[in-house]
Amino acid sequence: MATVATPAMLAFARNWENAIASAEFSGIVGDRAHARTGGYHISREDQPGWNYSVQLPEDKRGASNWASAVDMSMNAADMRLVTSRLLASAKDPHDPRLDPVREFFGTLDGRTVTGWDCYHGRPSSSDTSHLWHVHVSFLRQHADNAAALAAVLDVILGKPATGAPPTPTPQPQPSYPAWPGRHLSYTPGRATMNGQDVRTWQQRMSARGWSIGVDGWYGPQSASVCRAFQSEKSLGVDGIVGPITWAAAWTAPVT
């Protein structure tokens, strides 16, 4: 049986074992324990044509004598951690590091097998043996790609993805009411503007010490107070409460 593992696969398994203290090979690619099970643990040429592990284009392009799966036993805490890292990466559309992976299995709670079909982007599950070890299988085309396998190991070890969109920095929110989105203005001969936004601004100006009626109507008195305030704060003097004048009512020093 041609169950040869590529040097890249062997290095992947060895580096995983060395990096996590509790990790121990429970099924290295091509071992006797998996010789009759089919799937990615044995070579393509040893599979019947209907086996799922030889159906995909990336498997057909892989060398026939490459097995492409690793099983790694770990303690319960590491099982949970590694499984959760693999799941998070598989579900992250901005993290391409699991692109070479066909599927993986593990457990998050020690009772239920959890897995993911990375090729089709959907959950997958397998037998209870994966309560005791994490299984990772690769599309055969990628089984000798050391860089691709190293990226998968980075996921297993919890290293952040490079090139992922940065987490947005939260922007400080104003400590005052948002500008209502309309310019408060007064024009003789036209309908007087009114509303809660006018009242809010009038209340703020009154609290600052200006003599202004708080009635929700932006009439000549409000426009006059606005012009005086704009002049005092070196703003454009037009008697209109736009976003700058509105913000200044809360942020400019009271003088």
# chains A, B, ... in the order shown; residues from 1 in each chain; ligands from 1
call {"tool": "residues_around", "arguments": {"residues": "Ser68 (chain A)", "least_positions_apart": "4", "cutoff": "10 Å", "atoms": "only C-alpha atoms", "output": "VMD selection string"}}
result
chain A and resid 3 to 6 9 to 10 28 to 30 39 to 44 53 59 62 101 to 102 136 to 144
call {"tool": "residues_around", "arguments": {"residues": "Ser22 (chain A)", "least_positions_apart": "4", "cutoff": "9 Å", "atoms": "only C-alpha atoms", "output": "ChimeraX atom specification"}}
result
/A:17,73-75,78
call {"tool": "write_last_selection", "arguments": {"atoms": "C-alpha atoms", "output": "PDB file, in the first residue's frame"}}
result
ATOM      1  CA  GLU A  17       3.486  17.865  18.569  1.00  0.00           C
ATOM      2  CA  SER A  73      -4.328  13.422  20.743  1.00  0.00           C
ATOM      3  CA  MET A  74      -4.263  16.118  23.427  1.00  0.00           C
ATOM      4  CA  ASN A  75      -5.613  16.736  26.893  1.00  0.00           C
ATOM      5  CA  ASP A  78      -5.995  21.671  24.524  1.00  0.00           C
TER       6      ASP A  78
END
call {"tool": "residues_around", "arguments": {"residues": "region 203-220 of chain A", "least_positions_apart": "4", "cutoff": "9 Å", "atoms": "only C-alpha atoms", "output": "number ranges by chain"}}
result
A: 184-188, 192-199, 224-226, 229, 249-250, 254-255
call {"tool": "write_last_selection", "arguments": {"atoms": "N, CA and C atoms", "output": "compact mmCIF listing (two decimals), in the first residue's frame"}}
result
# COMPACT_ATOMS: atom_id res chain seq x y z
N LEU A 184 -31.23 75.04 11.48
CA LEU A 184 -32.26 75.85 12.13
C LEU A 184 -32.05 77.31 11.71
N SER A 185 -33.05 77.89 11.09
CA SER A 185 -32.90 79.25 10.59
C SER A 185 -34.24 79.99 10.65
N TYR A 186 -34.13 81.33 10.58
CA TYR A 186 -35.33 82.17 10.58
C TYR A 186 -35.26 83.13 9.42
N THR A 187 -36.32 83.15 8.62
CA THR A 187 -36.43 84.09 7.50
C THR A 187 -37.78 84.80 7.59
N PRO A 188 -37.78 86.13 7.77
CA PRO A 188 -39.06 86.85 7.85
C PRO A 188 -39.92 86.56 6.63
N THR A 192 -42.19 79.75 10.45
CA THR A 192 -41.19 79.62 11.50
C THR A 192 -40.94 78.14 11.81
N MET A 193 -39.68 77.79 11.85
CA MET A 193 -39.32 76.40 12.15
C MET A 193 -39.61 76.10 13.61
N ASN A 194 -40.08 74.89 13.87
CA ASN A 194 -40.30 74.49 15.25
C ASN A 194 -40.06 72.99 15.40
N GLY A 195 -39.87 72.57 16.61
CA GLY A 195 -39.64 71.15 16.86
C GLY A 195 -38.80 70.94 18.11
N GLN A 196 -38.62 69.65 18.45
CA GLN A 196 -37.85 69.32 19.65
C GLN A 196 -36.38 69.70 19.48
N ASP A 197 -35.87 69.66 18.25
CA ASP A 197 -34.47 70.06 18.04
C ASP A 197 -34.27 71.53 18.37
N VAL A 198 -35.25 72.37 18.00
CA VAL A 198 -35.16 73.79 18.36
C VAL A 198 -35.18 73.94 19.87
N ARG A 199 -36.09 73.24 20.53
CA ARG A 199 -36.21 73.34 21.99
C ARG A 199 -34.91 72.89 22.66
N SER A 224 -31.29 85.91 16.65
CA SER A 224 -30.44 86.97 17.20
C SER A 224 -29.43 86.39 18.19
N VAL A 225 -29.90 85.49 19.07
CA VAL A 225 -29.00 84.85 20.03
C VAL A 225 -27.95 84.02 19.29
N CYS A 226 -28.36 83.35 18.25
CA CYS A 226 -27.43 82.54 17.47
C CYS A 226 -26.32 83.39 16.88
N PHE A 229 -23.94 84.54 19.57
CA PHE A 229 -23.11 83.42 20.01
C PHE A 229 -22.03 83.11 18.98
N ALA A 249 -22.34 74.88 20.95
CA ALA A 249 -23.24 75.16 22.07
C ALA A 249 -22.96 74.26 23.27
N TRP A 250 -22.37 73.08 23.00
CA TRP A 250 -22.03 72.16 24.09
C TRP A 250 -20.53 72.11 24.38
N VAL A 254 -17.88 78.45 28.23
CA VAL A 254 -18.86 79.45 28.60
C VAL A 254 -18.14 80.71 29.05
N THR A 255 -18.41 81.82 28.39
CA THR A 255 -17.74 83.08 28.74
C THR A 255 -18.75 84.15 29.04
call {"tool": "atom_distance", "arguments": {"atom1": "CA of Asp109 (chain A)", "atom2": "CA of Tyr52 (chain A)"}}
result
28.0 Å
call {"tool": "atom_distance", "arguments": {"atom1": "CA of Pro243 (chain A)", "atom2": "CA of Ser231 (chain A)"}}
result
16.0 Å
call {"tool": "residues_around", "arguments": {"residues": "Val237 (chain A)", "least_positions_apart": "5", "cutoff": "8 Å", "atoms": "only C-alpha atoms", "output": "PyMOL selection string"}}
result
chain A and resi 227-228+230-231
call {"tool": "closest_residue", "arguments": {"among": "A:His94, A:Lys159, A:His135, A:Arg182", "to": "Gly242 (chain A)", "atoms": "only C-alpha atoms"}}
result
A:Arg182
call {"tool": "residues_around", "arguments": {"residues": "Val82 (chain A)", "least_positions_apart": "2", "cutoff": "10 Å", "atoms": "only C-alpha atoms", "output": "list in words"}}
result
Ile20, Met74, Ala77, Asp78, Met79, Arg80, Ser84, Arg85, Leu86, Leu87, Ala88, Gly106, Thr107, Leu108, Val134, Val155, Ile156, Leu157 and Gly158 of chain A
call {"tool": "select_by_dssp", "arguments": {"residues": "region 10-243 of chain A", "states": "strand (DSSP E or B)", "output": "VMD selection string"}}
result
chain A and resid 24 to 27 66 69 to 73 101 to 107 113 to 117 122 to 124 133 to 138 184 193 to 194 217 to 218 241
call {"tool": "select_by_dssp", "arguments": {"residues": "region 140-253 of chain A", "states": "helix (DSSP H, G or I)", "output": "PyMOL selection string"}}
result
chain A and resi 140-142+146-156+196-207+220-232+243-251
call {"tool": "atom_distance", "arguments": {"atom1": "CA of Asn51 (chain A)", "atom2": "CA of Glu103 (chain A)"}}
result
14.8 Å
call {"tool": "residues_around", "arguments": {"residues": "Gly115 (chain A)", "least_positions_apart": "4", "cutoff": "6 Å", "atoms": "only C-alpha atoms", "output": "list in words"}}
result
Phe104, Phe105, Pro123, Ser124 and Ser125 of chain A
call {"tool": "decode", "arguments": {"residues": "region 66-147 of chain A", "atoms": "C-alpha atoms", "output": "tab-separated table (two decimals), in the first residue's frame"}}
result
chain	number	residue	atom	x	y	z
A	66	TRP	CA	0.33	10.94	-0.72
A	67	ALA	CA	-1.76	10.37	2.34
A	68	SER	CA	-3.03	13.69	3.67
A	69	ALA	CA	-4.34	13.51	7.24
A	70	VAL	CA	-3.04	13.85	10.79
A	71	ASP	CA	-4.62	12.81	14.09
A	72	MET	CA	-3.24	14.41	17.25
A	73	SER	CA	-4.33	13.42	20.74
A	74	MET	CA	-4.26	16.12	23.43
A	75	ASN	CA	-5.61	16.74	26.89
A	76	ALA	CA	-9.18	18.03	27.24
A	77	ALA	CA	-8.20	21.69	27.61
A	78	ASP	CA	-5.99	21.67	24.52
A	79	MET	CA	-8.63	19.75	22.56
A	80	ARG	CA	-11.15	22.48	23.29
A	81	LEU	CA	-8.69	25.26	22.51
A	82	VAL	CA	-7.45	23.83	19.20
A	83	THR	CA	-10.94	22.89	18.04
A	84	SER	CA	-12.25	26.37	18.83
A	85	ARG	CA	-9.35	28.00	16.95
A	86	LEU	CA	-9.95	25.85	13.88
A	87	LEU	CA	-13.68	26.61	13.93
A	88	ALA	CA	-13.12	30.35	14.32
A	89	SER	CA	-10.72	30.42	11.38
A	90	ALA	CA	-13.00	28.27	9.18
A	91	LYS	CA	-15.93	30.61	9.77
A	92	ASP	CA	-13.93	33.81	9.24
A	93	PRO	CA	-14.27	34.97	5.61
A	94	HIS	CA	-11.18	37.14	6.02
A	95	ASP	CA	-8.93	34.27	7.15
A	96	PRO	CA	-7.76	32.10	4.21
A	97	ARG	CA	-5.31	29.95	6.19
A	98	LEU	CA	-7.53	26.86	6.18
A	99	ASP	CA	-7.98	26.88	2.40
A	100	PRO	CA	-5.73	23.78	2.05
A	101	VAL	CA	-7.79	21.88	4.66
A	102	ARG	CA	-10.52	19.51	3.50
A	103	GLU	CA	-12.05	18.91	6.92
A	104	PHE	CA	-11.27	18.73	10.61
A	105	PHE	CA	-12.86	17.18	13.69
A	106	GLY	CA	-12.48	17.70	17.41
A	107	THR	CA	-14.58	18.49	20.46
A	108	LEU	CA	-15.42	21.58	22.45
A	109	ASP	CA	-17.01	19.86	25.44
A	110	GLY	CA	-15.57	16.34	25.59
A	111	ARG	CA	-18.99	14.86	24.78
A	112	THR	CA	-19.87	15.94	21.25
A	113	VAL	CA	-17.78	15.71	18.09
A	114	THR	CA	-17.56	19.03	16.24
A	115	GLY	CA	-16.13	19.44	12.78
A	116	TRP	CA	-16.12	21.54	9.65
A	117	ASP	CA	-16.11	20.74	5.96
A	118	CYS	CA	-13.78	23.53	4.85
A	119	TYR	CA	-14.16	22.83	1.15
A	120	HIS	CA	-17.94	23.23	1.18
A	121	GLY	CA	-18.07	25.70	4.08
A	122	ARG	CA	-20.43	23.79	6.37
A	123	PRO	CA	-20.44	21.87	9.65
A	124	SER	CA	-19.44	18.23	9.62
A	125	SER	CA	-19.35	15.46	12.20
A	126	SER	CA	-17.74	12.06	12.54
A	127	ASP	CA	-17.36	9.19	14.99
A	128	THR	CA	-16.64	9.39	18.71
A	129	SER	CA	-12.94	8.68	18.24
A	130	HIS	CA	-12.59	12.41	17.66
A	131	LEU	CA	-13.44	13.02	21.30
A	132	TRP	CA	-9.88	11.93	22.01
A	133	HIS	CA	-7.92	13.47	19.18
A	134	VAL	CA	-8.13	16.33	16.68
A	135	HIS	CA	-8.19	15.23	13.06
A	136	VAL	CA	-7.04	17.51	10.22
A	137	SER	CA	-7.09	16.36	6.60
A	138	PHE	CA	-5.76	18.23	3.59
A	139	LEU	CA	-6.75	18.36	-0.05
A	140	ARG	CA	-4.13	16.20	-1.71
A	141	GLN	CA	-3.01	18.99	-4.03
A	142	HIS	CA	-1.68	20.90	-0.99
A	143	ALA	CA	-0.11	18.02	0.91
A	144	ASP	CA	3.43	19.00	-0.09
A	145	ASN	CA	2.98	22.76	0.31
A	146	ALA	CA	5.06	23.56	3.40
A	147	ALA	CA	3.98	27.21	3.54
